[in-house]
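Notes to accompany the following structure.
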There are 4 protein chains.
Amino acid sequence: MSRDTQTPPIPGRPFVARRTVRFGHCDPAGIVYFPRYYELLNGVVEDWWDHLGLPWTGLIGERRIGMPTAQLDARFVAPSFLGERLDFELRVAHLGRSSLQLEHRVVGPAGDERVRFAQRIVATSLDTHRPIAWPEDLREALQRFKETR
Amino acid sequence: MSRDTQTPPIPGRPFVARRTVRFGHCDPAGIVYFPRYYELLNGVVEDWWDHLGLPWTGLIGERRIGMPTAQLDARFVAPSFLGERLDFELRVAHLGRSSLQLEHRVVGPAGDERVRFAQRIVATSLDTHRPIAWPEDLREALQRFKETR
Amino acid sequence: MSRDTQTPPIPGRPFVARRTVRFGHCDPAGIVYFPRYYELLNGVVEDWWDHLGLPWTGLIGERRIGMPTAQLDARFVAPSFLGERLDFELRVAHLGRSSLQLEHRVVGPAGDERVRFAQRIVATSLDTHRPIAWPEDLREALQRFKETR
Amino acid sequence: MSRDTQTPPIPGRPFVARRTVRFGHCDPAGIVYFPRYYELLNGVVEDWWDHLGLPWTGLIGERRIGMPTAQLDARFVAPSFLGERLDFELRVAHLGRSSLQLEHRVVGPAGDERVRFAQRIVATSLDTHRPIAWPEDLREALQRFKETR
């Protein structure tokens with residue numbers, strides 16, 4: 001993790017997506033099986049691109065822009081239980097030429113932290129799987145989100 | 001990641017588990033969807049406990065010992081494709097009083113690195129979800145693995 | 001399937017849950033990978049029990065009532081694509097002493113059928129994994145749903 | 001199900017693939033969460049095409065032949081538990097012009113039946129998602145498997 005997880009999260013209002021802990025997320029110990037968090041996280045990132053006005057359907061399908069995760073550091077702070085409502089908070093930490101650094105916090109109903117993720121995404125061509133610079137409309141949308149929060 | 005991923009992996013012969021990239025692991029971009037790596041990783045850790053002579057069935061079911069992941073840092077170095085055989089290499093980096101630091105490398109058919117994981121596992125009671133010291137037989141098995149590789 | 005899938009669905013207004021086809025649901029062919037429908041389906045059934053006022057948290061965790069699927073017949077009529085909004089329609093076909101027959105239709109944005117499921121659920125004790133009669137409050141809630149739709 | 005599940009399975013030696021019930025397959029009730037069986041099943045079908053000498057990599061990637069599941073009827077006979085070794089048995093029930101009817105049995109360590117699946121697969125073009133006749137080499141491989149078992 002480039003940022004120490006002990007430090008407070010970066011300032012600004014996050015994008016928030018709510019998720020319910022379902023039966024299928026839980027393991028024989030009765031708590032969320034950690035690989036499920038990654039599926040949930042990816043869905044939240046998808047929702048966020050929708051919110052930015054840039055749904056993945058167009059980006060991936062038509063424009064052949066990939067946004068693979070290059071780095072993903074996780075701290076599992078406390079377990080989550082069946083039926084709980086979790087808020088996934090997403091913040092932009094840094095926007096690079098072809099990269100994007102996101103910070104995610106998953107918090108429980110009492111605002112208590114459950115998981116923290118630091119994620120580095122890279123823009124790529126889906127034809128070559130090589131990095132590309134963020135196309136201008138994506139860069140503008142990401143910059144606007146970062147600045148107006 | 002506590003260790004710089006640029007440094008060479010810790011020495012010693014790893015535990016290796018082979019996996020095939022299946023259709024269900026791949027996404028519309030035709031490469032492994034990253035959350036699937038975490039499911040595969042957890043299965044490899046299970047296989048390793050089997051190999052140590054301590055299958056999870058007994059640990060979780062009868063002895064109520066949990067081994068949740070507290071920290072998991074990932075570097076996705078290169079994409080993996082449908083049908084490829086991947087080797088998951090597991091090494092013990094450090095054994096603490098109630099923690100265990102593992103290093104994983106996922107390598108492709110040509111020995112080329114695809115993913116690197118640094119994972120911190122904590123021994124817990126499944127009744128309280130609180131950390132416990134490693135029970136003596138587990139500690140011995142972990143220590144033996146660490147020293148004889 | 002006990003009912004011919006060519007016949008019209010059973011009458012009455014269904015319980016409806018909307019889902020978006022996410023990146024993680026799709027396969028290298030760019031369409032929903034069929035095992036993902038089953039995860040979605042199970043989440044819809046969970047939502048429905050919530051709607052009935054009987055969340056699984058209490059049923060499974062405290063009362064030790066299981067509701068495993070004994071039979072599940074699926075017709076995959078047409079593929080679904082990334083980004084689509086799907087409506088999962090749930091109807092009660094039959095309520096038995098310890099069983100429950102559900103009919104599900106998954107329809108696309110134009111009301112076109114994508115999948116049809118016939119599901120038989122059985123009430124069990126989670127301690128013995130043996131069938132039990134529906135407890136009275138569950139039976140009443142199920143009966144009420146069936147009659148008022 | 002076109003065949004009554006009470007009838008004995010079709011004769012002949014099946015293709016068999018062994019799977020271990022992993023932690024990630026199990027739910028808070030401590031048994032296999034039924035959607036996981038479908039992921040396992042699809043992997044077994046993949047292995048079987050490999051065994052026929054026709055790996056999906058070539059079929060899907062290069063030849064653009066899809067093999068979606070059109071119909072899948074399941075009977076969940078008995079629960080499966082963490083750590084168990086399950087045998088997935090696959091038999092060809094019928095080979096049509098563009099369809100293929102498979103019968104699967106999942107049996108436990110004592111040969112006891114856990115799940116039975118009847119699956120209808122259809123050969124399609126991945127460009128149009130419309131049915132196609134089985135290409136000759138696939139038809140021959142399927143026919144040979146059916147007859148020599």
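Chain labels run A, B, ... following the order of the structure tokens; each chain numbers its residues from 1, and ligands are numbered from 1 in the order shown.
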Practice item. Fewer than 4 positions away in the same chain doesn't count, so skip those; otherwise give me all residues within 8 Å of Glu46 in chain D, counting only C-alpha atoms, as a count of residues only. Key: 6
Pull out every residue of chain D that has at least one atom within 6 Å of chain C, counting only C-alpha atoms, and report them as a compact mmCIF listing (two decimals) with C-alpha atoms, in the first residue's frame.
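Dumped everything to selection11.txt:
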# COMPACT_ATOMS: atom_id res chain seq x y z
CA MET D 1 -36.08 -33.66 -17.12
CA PRO D 35 -24.68 -22.49 -7.32
CA TYR D 38 -22.79 -25.41 -11.62
CA GLU D 39 -19.32 -23.88 -11.76
CA ALA D 70 -30.08 -24.53 -23.28
CA GLN D 71 -31.62 -26.75 -20.63
CA LEU D 72 -30.29 -27.93 -17.30
CA ASP D 73 -32.38 -29.93 -14.86
CA ALA D 74 -30.97 -30.71 -11.45
CA ARG D 75 -31.92 -33.02 -8.60
CA PHE D 76 -30.06 -32.28 -5.38
Chain fit, chain B moved to chain C over all Cα pairs in order, as a short mmCIF file (atom, residue, chain, number, x, y, z; two decimals) with C-alpha atoms, in the first residue's frame:
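File written: part.cif
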data_model
loop_
_atom_site.label_atom_id
_atom_site.label_comp_id
_atom_site.auth_asym_id
_atom_site.auth_seq_id
_atom_site.Cartn_x
_atom_site.Cartn_y
_atom_site.Cartn_z
CA MET B 1 -39.90 -29.61 -15.06
CA SER B 2 -43.27 -30.62 -13.75
CA ARG B 3 -44.96 -27.93 -15.87
CA ASP B 4 -44.39 -27.74 -19.58
CA THR B 5 -42.33 -24.63 -20.25
CA GLN B 6 -44.41 -24.00 -23.35
CA THR B 7 -47.44 -23.28 -21.18
CA PRO B 8 -47.98 -19.71 -20.02
CA PRO B 9 -46.66 -18.87 -16.55
CA ILE B 10 -49.03 -19.31 -13.62
CA PRO B 11 -51.30 -16.30 -13.22
CA GLY B 12 -50.85 -13.56 -10.65
CA ARG B 13 -48.52 -10.68 -10.05
CA PRO B 14 -44.97 -11.87 -9.31
CA PHE B 15 -42.42 -10.58 -6.84
CA VAL B 16 -39.90 -8.75 -9.01
CA ALA B 17 -36.23 -8.04 -8.33
CA ARG B 18 -34.12 -6.09 -10.80
CA ARG B 19 -30.51 -6.95 -11.48
CA THR B 20 -27.85 -5.45 -13.74
CA VAL B 21 -25.64 -7.76 -15.79
CA ARG B 22 -22.17 -6.97 -14.54
CA PHE B 23 -18.75 -7.53 -16.03
CA GLY B 24 -18.13 -10.37 -13.56
CA HIS B 25 -21.27 -12.20 -14.75
CA CYS B 26 -20.04 -12.39 -18.34
CA ASP B 27 -17.82 -14.92 -20.06
CA PRO B 28 -15.36 -14.71 -22.95
CA ALA B 29 -18.33 -14.99 -25.31
CA GLY B 30 -19.54 -11.67 -23.85
CA ILE B 31 -22.77 -13.10 -22.43
CA VAL B 32 -23.88 -14.14 -18.96
CA TYR B 33 -22.00 -17.29 -17.87
CA PHE B 34 -24.89 -19.53 -16.85
CA PRO B 35 -23.64 -20.46 -13.32
CA ARG B 36 -23.91 -16.75 -12.43
CA TYR B 37 -27.70 -16.89 -12.95
CA TYR B 38 -27.93 -19.32 -10.04
CA GLU B 39 -26.14 -16.94 -7.68
CA LEU B 40 -28.41 -14.13 -8.82
CA LEU B 41 -31.46 -16.40 -8.41
CA ASN B 42 -30.52 -17.30 -4.86
CA GLY B 43 -30.11 -13.61 -4.00
CA VAL B 44 -33.57 -12.91 -5.41
CA VAL B 45 -35.08 -15.68 -3.26
CA GLU B 46 -33.32 -14.10 -0.25
CA ASP B 47 -34.80 -10.70 -1.12
CA TRP B 48 -38.21 -12.32 -1.37
CA TRP B 49 -37.98 -13.79 2.14
CA ASP B 50 -36.99 -10.32 3.34
CA HIS B 51 -40.07 -8.97 1.58
CA LEU B 52 -42.19 -11.61 3.37
CA GLY B 53 -40.84 -10.26 6.66
CA LEU B 54 -38.81 -13.39 7.32
CA PRO B 55 -35.13 -12.59 6.66
CA TRP B 56 -32.77 -15.56 6.40
CA THR B 57 -30.57 -14.17 9.16
CA GLY B 58 -33.17 -15.12 11.74
CA LEU B 59 -34.30 -18.31 10.02
CA ILE B 60 -30.85 -19.77 9.47
CA GLY B 61 -28.90 -18.22 12.31
CA GLU B 62 -31.29 -18.36 15.21
CA ARG B 63 -34.02 -20.83 14.28
CA ARG B 64 -31.74 -23.26 12.40
CA ILE B 65 -34.20 -23.64 9.54
CA GLY B 66 -32.64 -24.53 6.21
CA MET B 67 -34.31 -24.07 2.84
CA PRO B 68 -32.18 -26.12 0.44
CA THR B 69 -33.10 -26.50 -3.20
CA ALA B 70 -34.07 -30.07 -4.01
CA GLN B 71 -34.92 -29.63 -7.66
CA LEU B 72 -34.11 -26.87 -10.10
CA ASP B 73 -34.97 -27.04 -13.78
CA ALA B 74 -33.74 -24.33 -16.08
CA ARG B 75 -34.49 -23.27 -19.64
CA PHE B 76 -31.98 -20.80 -21.03
CA VAL B 77 -34.05 -19.20 -23.75
CA ALA B 78 -31.85 -16.33 -24.94
CA PRO B 79 -28.50 -14.84 -23.95
CA SER B 80 -28.11 -11.74 -21.77
CA PHE B 81 -25.45 -9.11 -22.34
CA LEU B 82 -23.22 -6.82 -20.24
CA GLY B 83 -25.03 -3.80 -18.82
CA GLU B 84 -28.57 -5.08 -19.38
CA ARG B 85 -31.23 -4.66 -16.70
CA LEU B 86 -32.96 -7.97 -16.02
CA ASP B 87 -36.14 -8.50 -14.05
CA PHE B 88 -36.37 -11.67 -11.99
CA GLU B 89 -40.04 -12.58 -11.51
CA LEU B 90 -40.90 -15.03 -8.73
CA ARG B 91 -44.23 -16.81 -8.34
CA VAL B 92 -45.39 -19.51 -5.89
CA ALA B 93 -46.72 -22.50 -7.83
CA HIS B 94 -47.43 -24.80 -4.90
CA LEU B 95 -47.02 -24.91 -1.14
CA GLY B 96 -46.65 -28.36 0.40
CA ARG B 97 -46.24 -29.63 3.95
CA SER B 98 -42.47 -29.14 3.91
CA SER B 99 -41.91 -28.10 0.29
CA LEU B 100 -42.39 -25.03 -1.84
CA GLN B 101 -42.56 -24.90 -5.63
CA LEU B 102 -41.44 -21.62 -7.18
CA GLU B 103 -41.53 -20.44 -10.77
CA HIS B 104 -39.04 -17.83 -11.91
CA ARG B 105 -38.85 -15.92 -15.15
CA VAL B 106 -35.90 -13.73 -16.03
CA VAL B 107 -36.93 -11.13 -18.57
CA GLY B 108 -34.95 -8.55 -20.51
CA PRO B 109 -35.62 -4.82 -20.93
CA ALA B 110 -38.21 -5.47 -23.66
CA GLY B 111 -40.05 -8.04 -21.53
CA ASP B 112 -38.49 -10.85 -23.57
CA GLU B 113 -37.83 -14.10 -21.73
CA ARG B 114 -34.21 -15.03 -21.09
CA VAL B 115 -34.41 -17.85 -18.54
CA ARG B 116 -37.14 -19.84 -16.88
CA PHE B 117 -36.59 -21.78 -13.64
CA ALA B 118 -38.80 -24.24 -11.76
CA GLN B 119 -37.44 -24.62 -8.22
CA ARG B 120 -38.48 -26.96 -5.45
CA ILE B 121 -37.34 -25.90 -2.00
CA VAL B 122 -37.62 -28.07 1.09
CA ALA B 123 -37.72 -26.88 4.69
CA THR B 124 -35.11 -28.70 6.75
CA SER B 125 -33.51 -28.67 10.14
CA LEU B 126 -29.96 -27.38 9.85
CA ASP B 127 -28.97 -29.71 12.67
CA THR B 128 -30.13 -32.93 11.01
CA HIS B 129 -30.44 -31.81 7.34
CA ARG B 130 -33.81 -33.67 7.39
CA PRO B 131 -37.13 -32.22 6.15
CA ILE B 132 -39.46 -30.53 8.62
CA ALA B 133 -42.99 -29.20 8.24
CA TRP B 134 -43.04 -25.45 7.52
CA PRO B 135 -43.27 -23.65 10.87
CA GLU B 136 -46.66 -21.93 11.20
CA ASP B 137 -45.47 -18.34 10.68
CA LEU B 138 -43.58 -19.27 7.51
CA ARG B 139 -46.56 -21.24 6.16
CA GLU B 140 -48.87 -18.31 6.79
CA ALA B 141 -46.57 -15.83 5.08
CA LEU B 142 -46.15 -18.12 2.07
CA GLN B 143 -49.89 -18.78 1.86
CA ARG B 144 -50.69 -15.07 2.10
CA PHE B 145 -48.22 -14.26 -0.71
CA LYS B 146 -49.71 -16.99 -2.89
CA GLU B 147 -53.29 -15.82 -2.36
CA THR B 148 -52.93 -12.06 -2.58
CA ARG B 149 -51.14 -12.00 -5.91
#
Practice item. Would you mind writing down, as a list of chain:residue names, each residue of range 42-105 of chain B that DSSP on the backbone assigns to alpha helix (DSSP H)? Key: B:Asn42, B:Gly43, B:Val44, B:Val45, B:Glu46, B:Asp47, B:Trp48, B:Trp49, B:Asp50, B:His51, B:Trp56
